[in-house]
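Participant: Got a structure for you, written out below as structure tokens; questions coming shortly.
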Amino acid sequence: MSSGLLELFSGIGAAGRAWGGSVVGAIDQNPHANATYRANHGLAPRAWNLAGVTAAQLSAFQAERWWLSPPCQPFTVRGARRDLEDPRVKPLLRVLAILCELRPPVVAMENVPGFVASATRGELRAALIAAGYTLDERLLCPTSLGVPMRRQRYYLVARLGRDGGHRSQFETPAAAPPARPLVGFLDEVPEPALYVSEALISTWGHSVNILEAKNPTAVATCFTSAYGRSPVRSGSYLRDGGGVRYFSPEEILRLMGFPGGFAFPAGLDRHIRWDLAGNTLSVDAVRSLALET
Ligand SMILES: C[S@@+](CC[C@H](N)C(=O)[O-])C[C@H]1O[C@@H](n2cnc3c(N)ncnc32)[C@H](O)[C@@H]1O
């Protein structure tokens, strides 16, 4: 078995980016995510549907660490919180059954805070504990790491063996003052198409969160994949010298902790870029988990 990471539901590869070691495989069914992944990480993800993956397919990667970022819609208000009744939970349950059979030394997972109270989490915990893992579960938010963006998420690190002293820590993490103010994450020359009309602002009024670009304590709300499509509760807007505008997908990626050289494939539609950026993970939060065995 290699010491490498297998990134499942790999998206644009935040977990691989955070992990200091080699990534031996990635799997995702979204072709735009896979093209972005390949362009930036030099590894072509398999475009497989994980709801039908086999133990032989996953064991062929010989990976010591498995990262899982399954869909969050079954555990969100917007996704109707159907939990185990939601067909989008099937690929997670499939992977769970296989990993309990193959027992890689380290398994880690991320999801929305709504996952904590779900029946799916109950199944996940029971299966992992029965397979001999010790669990460390917690909520993390990039604001507690000095990043000016909220994205509170559930994280699990499960290690095979250890002492069985499971840990679950679900207090809201305390925010630290931004180590680097918001302005440090912004594009030098924002695209004119990002600016929104006064009509949008007056229609949605107080539901719209607008940040002042030069405010050193400004903290963005959580960006979701609906940013740019849903005018409210999908992420902050920004007021700069040119008016009120959306954050660009590239600005969101910087807030997510992706390095400067990371780029989407040329010509990729902005709504697809927002979708991929809003679906990804905080690289800083994942890095703070330390996935070493
Ligand atoms: C929350 S996003 C994960 C994002 C990723 N961690 C990243 O760094 O960008 C969930 C991902 O799961 C993928 N996905 C959803 N259902 C899938 C399935 N049945 N098989 C394979 N991939 C799936 C989606 O395409 C999406 O990229």
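In the structure tokens, chains take letters A, B, ... by order of appearance, with residues numbered from 1 within each chain and ligands from 1 in the order shown.
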Using DSSP on the backbone coordinates, identify the residues of range 112-210 of chain A assigned to alpha helix (DSSP H); present them as number ranges by chain.
Facilitator: A: 119-130, 198-204
Participant: For the selection you just gave me, I'd like the residues written to a file as a JSON list (two decimals), in the first residue's frame, keeping N, CA, C and O atoms.
Facilitator:
```
[["chain", "number", "residue", "atom", "x", "y", "z"],
["A", 119, "ALA", "N", -29.06, 10.97, 10.32],
["A", 119, "ALA", "CA", -29.03, 9.52, 10.50],
["A", 119, "ALA", "C", -27.86, 8.93, 9.71],
["A", 119, "ALA", "O", -27.29, 7.90, 10.09],
["A", 120, "THR", "N", -27.49, 9.59, 8.62],
["A", 120, "THR", "CA", -26.35, 9.11, 7.82],
["A", 120, "THR", "C", -25.07, 9.12, 8.67],
["A", 120, "THR", "O", -24.27, 8.18, 8.61],
["A", 121, "ARG", "N", -24.90, 10.18, 9.46],
["A", 121, "ARG", "CA", -23.71, 10.20, 10.32],
["A", 121, "ARG", "C", -23.76, 9.04, 11.31],
["A", 121, "ARG", "O", -22.73, 8.41, 11.60],
["A", 122, "GLY", "N", -24.93, 8.73, 11.83],
["A", 122, "GLY", "CA", -25.07, 7.59, 12.74],
["A", 122, "GLY", "C", -24.60, 6.31, 12.07],
["A", 122, "GLY", "O", -23.85, 5.52, 12.67],
["A", 123, "GLU", "N", -24.99, 6.12, 10.80],
["A", 123, "GLU", "CA", -24.57, 4.90, 10.07],
["A", 123, "GLU", "C", -23.07, 4.90, 9.84],
["A", 123, "GLU", "O", -22.40, 3.87, 9.95],
["A", 124, "LEU", "N", -22.56, 6.07, 9.47],
["A", 124, "LEU", "CA", -21.12, 6.20, 9.20],
["A", 124, "LEU", "C", -20.30, 5.85, 10.45],
["A", 124, "LEU", "O", -19.37, 5.04, 10.41],
["A", 125, "ARG", "N", -20.71, 6.43, 11.58],
["A", 125, "ARG", "CA", -19.98, 6.18, 12.84],
["A", 125, "ARG", "C", -20.03, 4.70, 13.22],
["A", 125, "ARG", "O", -19.00, 4.10, 13.54],
["A", 126, "ALA", "N", -21.22, 4.14, 13.16],
["A", 126, "ALA", "CA", -21.38, 2.74, 13.58],
["A", 126, "ALA", "C", -20.52, 1.83, 12.71],
["A", 126, "ALA", "O", -19.83, 0.93, 13.21],
["A", 127, "ALA", "N", -20.53, 2.08, 11.39],
["A", 127, "ALA", "CA", -19.78, 1.21, 10.47],
["A", 127, "ALA", "C", -18.28, 1.36, 10.70],
["A", 127, "ALA", "O", -17.54, 0.36, 10.73],
["A", 128, "LEU", "N", -17.80, 2.59, 10.88],
["A", 128, "LEU", "CA", -16.36, 2.79, 11.06],
["A", 128, "LEU", "C", -15.87, 2.22, 12.38],
["A", 128, "LEU", "O", -14.80, 1.60, 12.45],
["A", 129, "ILE", "N", -16.66, 2.41, 13.42],
["A", 129, "ILE", "CA", -16.25, 1.88, 14.73],
["A", 129, "ILE", "C", -16.22, 0.35, 14.68],
["A", 129, "ILE", "O", -15.27, -0.28, 15.16],
["A", 130, "ALA", "N", -17.22, -0.24, 14.04],
["A", 130, "ALA", "CA", -17.25, -1.71, 13.92],
["A", 130, "ALA", "C", -16.06, -2.22, 13.11],
["A", 130, "ALA", "O", -15.56, -3.33, 13.33],
["A", 198, "GLU", "N", -28.38, 48.41, -9.56],
["A", 198, "GLU", "CA", -29.00, 48.99, -8.35],
["A", 198, "GLU", "C", -30.35, 48.30, -8.10],
["A", 198, "GLU", "O", -30.77, 48.12, -6.97],
["A", 199, "ALA", "N", -31.01, 47.88, -9.19],
["A", 199, "ALA", "CA", -32.34, 47.26, -9.06],
["A", 199, "ALA", "C", -32.24, 45.98, -8.23],
["A", 199, "ALA", "O", -33.09, 45.71, -7.39],
["A", 200, "LEU", "N", -31.18, 45.18, -8.45],
["A", 200, "LEU", "CA", -31.03, 43.93, -7.69],
["A", 200, "LEU", "C", -30.88, 44.25, -6.21],
["A", 200, "LEU", "O", -31.52, 43.64, -5.36],
["A", 201, "ILE", "N", -30.06, 45.26, -5.93],
["A", 201, "ILE", "CA", -29.81, 45.61, -4.53],
["A", 201, "ILE", "C", -31.11, 46.12, -3.88],
["A", 201, "ILE", "O", -31.45, 45.73, -2.77],
["A", 202, "SER", "N", -31.84, 46.98, -4.61],
["A", 202, "SER", "CA", -33.05, 47.52, -3.98],
["A", 202, "SER", "C", -34.13, 46.45, -3.85],
["A", 202, "SER", "O", -34.92, 46.47, -2.91],
["A", 203, "THR", "N", -34.15, 45.46, -4.75],
["A", 203, "THR", "CA", -35.16, 44.38, -4.62],
["A", 203, "THR", "C", -34.89, 43.54, -3.38],
["A", 203, "THR", "O", -35.81, 43.18, -2.64],
["A", 204, "TRP", "N", -33.62, 43.21, -3.14],
["A", 204, "TRP", "CA", -33.31, 42.25, -2.07],
["A", 204, "TRP", "C", -32.92, 42.92, -0.76],
["A", 204, "TRP", "O", -32.85, 42.26, 0.28]]
```
Participant: As a PyMOL selection string, please: the residues near Arg239 in chain A (cut-off 10 Å, only C-alpha atoms, same-chain neighbours under 2 positions excluded).
Facilitator: chain A and resi 195+210-214+237+241-247
Participant: Would you put the residues from that selection into a file with N, CA, C and O atoms, as a PDB file, in the first residue's frame?
Facilitator:
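result_10.pdb, written as the output of this step:
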```
ATOM      1  N   TYR A 195     -20.253  43.499 -11.956  1.00  0.00           N
ATOM      2  CA  TYR A 195     -21.034  44.528 -11.248  1.00  0.00           C
ATOM      3  C   TYR A 195     -22.524  44.279 -11.419  1.00  0.00           C
ATOM      4  O   TYR A 195     -22.974  43.846 -12.485  1.00  0.00           O
ATOM      5  N   ILE A 210     -23.429  43.004   1.843  1.00  0.00           N
ATOM      6  CA  ILE A 210     -22.460  43.742   1.016  1.00  0.00           C
ATOM      7  C   ILE A 210     -21.271  44.140   1.886  1.00  0.00           C
ATOM      8  O   ILE A 210     -21.447  44.777   2.932  1.00  0.00           O
ATOM      9  N   LEU A 211     -20.083  43.781   1.464  1.00  0.00           N
ATOM     10  CA  LEU A 211     -18.870  44.096   2.215  1.00  0.00           C
ATOM     11  C   LEU A 211     -18.153  45.279   1.561  1.00  0.00           C
ATOM     12  O   LEU A 211     -18.157  45.402   0.332  1.00  0.00           O
ATOM     13  N   GLU A 212     -17.553  46.111   2.393  1.00  0.00           N
ATOM     14  CA  GLU A 212     -16.735  47.213   1.869  1.00  0.00           C
ATOM     15  C   GLU A 212     -15.341  46.646   1.592  1.00  0.00           C
ATOM     16  O   GLU A 212     -14.706  46.086   2.505  1.00  0.00           O
ATOM     17  N   ALA A 213     -14.873  46.797   0.363  1.00  0.00           N
ATOM     18  CA  ALA A 213     -13.602  46.174  -0.032  1.00  0.00           C
ATOM     19  C   ALA A 213     -12.443  46.580   0.878  1.00  0.00           C
ATOM     20  O   ALA A 213     -11.561  45.770   1.156  1.00  0.00           O
ATOM     21  N   LYS A 214     -12.451  47.826   1.358  1.00  0.00           N
ATOM     22  CA  LYS A 214     -11.280  48.287   2.128  1.00  0.00           C
ATOM     23  C   LYS A 214     -11.432  48.106   3.636  1.00  0.00           C
ATOM     24  O   LYS A 214     -10.549  48.512   4.401  1.00  0.00           O
ATOM     25  N   TYR A 237     -21.636  40.093  -1.376  1.00  0.00           N
ATOM     26  CA  TYR A 237     -21.295  40.995  -2.477  1.00  0.00           C
ATOM     27  C   TYR A 237     -20.213  41.948  -1.964  1.00  0.00           C
ATOM     28  O   TYR A 237     -19.938  42.006  -0.761  1.00  0.00           O
ATOM     29  N   GLY A 241     -14.594  50.714  -5.689  1.00  0.00           N
ATOM     30  CA  GLY A 241     -14.673  51.998  -6.383  1.00  0.00           C
ATOM     31  C   GLY A 241     -15.638  51.990  -7.564  1.00  0.00           C
ATOM     32  O   GLY A 241     -16.159  53.027  -7.968  1.00  0.00           O
ATOM     33  N   GLY A 242     -15.926  50.824  -8.099  1.00  0.00           N
ATOM     34  CA  GLY A 242     -16.782  50.732  -9.299  1.00  0.00           C
ATOM     35  C   GLY A 242     -18.251  50.479  -9.006  1.00  0.00           C
ATOM     36  O   GLY A 242     -19.057  50.450  -9.935  1.00  0.00           O
ATOM     37  N   GLY A 243     -18.622  50.248  -7.759  1.00  0.00           N
ATOM     38  CA  GLY A 243     -20.019  49.956  -7.419  1.00  0.00           C
ATOM     39  C   GLY A 243     -20.126  48.675  -6.607  1.00  0.00           C
ATOM     40  O   GLY A 243     -19.168  48.295  -5.908  1.00  0.00           O
ATOM     41  N   VAL A 244     -21.281  48.003  -6.704  1.00  0.00           N
ATOM     42  CA  VAL A 244     -21.476  46.743  -5.978  1.00  0.00           C
ATOM     43  C   VAL A 244     -21.345  45.606  -6.991  1.00  0.00           C
ATOM     44  O   VAL A 244     -21.883  45.674  -8.094  1.00  0.00           O
ATOM     45  N   ARG A 245     -20.614  44.586  -6.600  1.00  0.00           N
ATOM     46  CA  ARG A 245     -20.360  43.489  -7.547  1.00  0.00           C
ATOM     47  C   ARG A 245     -20.298  42.143  -6.842  1.00  0.00           C
ATOM     48  O   ARG A 245     -20.203  42.061  -5.613  1.00  0.00           O
ATOM     49  N   TYR A 246     -20.331  41.114  -7.678  1.00  0.00           N
ATOM     50  CA  TYR A 246     -20.059  39.766  -7.195  1.00  0.00           C
ATOM     51  C   TYR A 246     -18.558  39.608  -6.950  1.00  0.00           C
ATOM     52  O   TYR A 246     -17.739  40.269  -7.594  1.00  0.00           O
ATOM     53  N   PHE A 247     -18.204  38.687  -6.087  1.00  0.00           N
ATOM     54  CA  PHE A 247     -16.815  38.212  -6.016  1.00  0.00           C
ATOM     55  C   PHE A 247     -16.593  37.353  -7.262  1.00  0.00           C
ATOM     56  O   PHE A 247     -17.498  36.608  -7.674  1.00  0.00           O
TER      57      PHE A 247
END
```
Participant: Given the choices A:Leu255, A:Leu276, A:Val147, A:Ala15, which gets closest to Met109 in chain A if the distance is worked out from only C-alpha atoms?
Facilitator: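 With only C-alpha atoms as the atom set, the closest residue is A:Ala15.
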Participant: Quick one: which chain A residues come within 7 Å of ligand 1, and what is the nearest atom pair for each with the distance in Å to one decimal, counting only C-alpha atoms and all ligand atoms, rows ordered by chain and ascending number, as a tab-separated table?
Facilitator:
```
residue	atom	partner	partner_atom_place_in_ligand_line	distance
A:Phe9	CA	ligand 1	12 (O)	3.9
A:Ser10	CA	ligand 1	5 (C)	4.5
A:Gly11	CA	ligand 1	9 (O)	3.4
A:Ile12	CA	ligand 1	9 (O)	3.9
A:Gly13	CA	ligand 1	8 (O)	4.0
A:Ala14	CA	ligand 1	8 (O)	3.7
A:Ala15	CA	ligand 1	8 (O)	5.8
A:Ile27	CA	ligand 1	21 (C)	6.2
A:Asp28	CA	ligand 1	22 (N)	3.7
A:Gln29	CA	ligand 1	22 (N)	4.2
A:Asn30	CA	ligand 1	25 (O)	4.3
A:Ala33	CA	ligand 1	27 (O)	6.2
A:Trp48	CA	ligand 1	21 (C)	5.6
A:Asn49	CA	ligand 1	20 (N)	3.6
A:Leu50	CA	ligand 1	20 (N)	3.8
A:Ala51	CA	ligand 1	19 (N)	4.9
A:Ser69	CA	ligand 1	3 (C)	4.8
A:Pro70	CA	ligand 1	10 (C)	5.0
A:Pro71	CA	ligand 1	10 (C)	4.5
A:Cys72	CA	ligand 1	1 (C)	6.2
A:Arg88	CA	ligand 1	16 (N)	6.5
A:Pro91	CA	ligand 1	19 (N)	5.0
A:Leu276	CA	ligand 1	9 (O)	6.3
A:Ala277	CA	ligand 1	9 (O)	7.0
A:Asn279	CA	ligand 1	2 (S)	4.8
A:Thr280	CA	ligand 1	9 (O)	3.5
A:Leu281	CA	ligand 1	8 (O)	5.2
```
Participant: With only C-alpha atoms as the counted atoms, please give the residues lying no more than 10 Å from Ile272 in chain A, apart from itself and same-chain residues fewer than 5 positions off, as a list in words.
Facilitator: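 Close residues of Ile272 in chain A: His32, Ala33, Ser225, Gly228, Pro249, Phe264, Ala277 and Gly278 of chain A.
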Participant: Could you pull the residues within 9 Å of range 162-167 of chain A, counting only C-alpha atoms, minus those fewer than 6 positions along the same chain, as JSON, numbers by chain?
Facilitator: {"A": [129, 132, 133, 134, 135, 136, 137, 138]}
Participant: Quick check, in Å to one decimal: how far apart do CA of Ala117 in chain A and CA of Val77 in chain A lie?
Facilitator: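 For CA of Ala117 in chain A relative to CA of Val77 in chain A, the distance reads 12.7 Å.
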Participant: When you count only C-alpha atoms, which of these residues is closest to Ala158 in chain A: A:Val196, A:Ala80, A:Cys222, A:Leu68?
Facilitator: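 Using only C-alpha atoms, Ala158 in chain A sits closest to A:Leu68.
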Participant: With only C-alpha atoms as the counted atoms, please give the residues lying no more than 6 Å from Tyr154 in chain A, apart from itself and same-chain residues fewer than 4 positions off, as a list in words.
Facilitator: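 These residues fall inside the cut-off: Glu110, Asn111, Val112, Pro113, Arg138 and Leu139 of chain A.
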Participant: Can you spit out the residues from that selection as a compact mmCIF listing (two decimals), in the first residue's frame, using N, CA and C atoms?
Facilitator:
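And here's out_34.txt as it stands now:
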```
# COMPACT_ATOMS: atom_id res chain seq x y z
N GLU A 110 -15.48 15.44 4.81
CA GLU A 110 -16.01 16.80 5.09
C GLU A 110 -17.46 16.85 4.68
N ASN A 111 -18.26 17.63 5.39
CA ASN A 111 -19.63 17.89 4.96
C ASN A 111 -20.15 19.14 5.67
N VAL A 112 -21.40 19.49 5.40
CA VAL A 112 -21.99 20.69 6.02
C VAL A 112 -22.31 20.41 7.49
N PRO A 113 -22.48 21.46 8.31
CA PRO A 113 -22.78 21.23 9.74
C PRO A 113 -24.06 20.42 9.95
N ARG A 138 -15.10 17.04 14.24
CA ARG A 138 -15.15 18.42 14.74
C ARG A 138 -15.74 19.37 13.70
N LEU A 139 -16.11 20.56 14.18
CA LEU A 139 -16.49 21.63 13.27
C LEU A 139 -15.30 22.56 13.15
```
Participant: Taking 3 positions as the minimum chain separation for residues in the same chain, which residues sit within 6 Å of Arg65 in chain A when counting only C-alpha atoms? Answer as a VMD selection string.
Facilitator: chain A and resid 5 106 to 107
Participant: Residues of the last selection are to be written out with C-alpha atoms, as a tab-separated table (two decimals), in the first residue's frame.
Facilitator:
```tsv
chain	number	residue	atom	x	y	z
A	5	LEU	CA	-4.06	9.95	-0.92
A	106	VAL	CA	-6.72	6.82	7.48
A	107	VAL	CA	-10.12	7.99	6.24
```
Participant: Check the smallest atom-to-atom distance from each of A:Arg82, A:Arg159, A:Arg254, A:Arg233 to Pro104 in chain A using only C-alpha atoms, then report the winner.
Facilitator: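 Result for the nearest residue to Pro104 in chain A: A:Arg159.
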Participant: Which residues are close to range 172-179 of chain A, i.e. within 6 Å by only C-alpha atoms, leaving aside same-chain residues fewer than 6 positions away? Reply as an NGL selection string.
Facilitator: :A and (143-144 or 146-148)
Participant: Could you take the residues named above and write them with N, CA, C and O atoms, as a CSV table (one decimal), in the first residue's frame?
Facilitator:
```
chain,number,residue,atom,x,y,z
A,143,THR,N,-12.5,31.1,9.5
A,143,THR,CA,-12.4,32.4,10.3
A,143,THR,C,-11.5,32.1,11.5
A,143,THR,O,-10.8,33.0,12.0
A,144,SER,N,-11.5,30.9,12.1
A,144,SER,CA,-10.7,30.6,13.3
A,144,SER,C,-9.3,30.5,12.9
A,144,SER,O,-8.4,30.5,13.8
A,146,GLY,N,-8.0,32.8,10.8
A,146,GLY,CA,-7.6,34.1,10.3
A,146,GLY,C,-8.0,34.4,8.9
A,146,GLY,O,-7.5,35.4,8.3
A,147,VAL,N,-8.8,33.6,8.3
A,147,VAL,CA,-9.2,33.8,6.9
A,147,VAL,C,-10.5,34.6,6.9
A,147,VAL,O,-11.5,34.2,7.7
A,148,PRO,N,-10.7,35.7,6.1
A,148,PRO,CA,-11.9,36.5,6.2
A,148,PRO,C,-13.1,35.9,5.4
A,148,PRO,O,-13.6,36.5,4.5
```
Participant: Please, what distance in Å, to one decimal, runs between CA of Val208 in chain A and CA of Tyr227 in chain A?
Facilitator: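 CA of Tyr227 in chain A lies at a distance of 12.2 Å from CA of Val208 in chain A.
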Participant: Tell me, which residues of range 96-149 of chain A carry DSSP strand (DSSP E), written as a VMD selection string?
Facilitator: chain A and resid 106 to 111 133 to 140
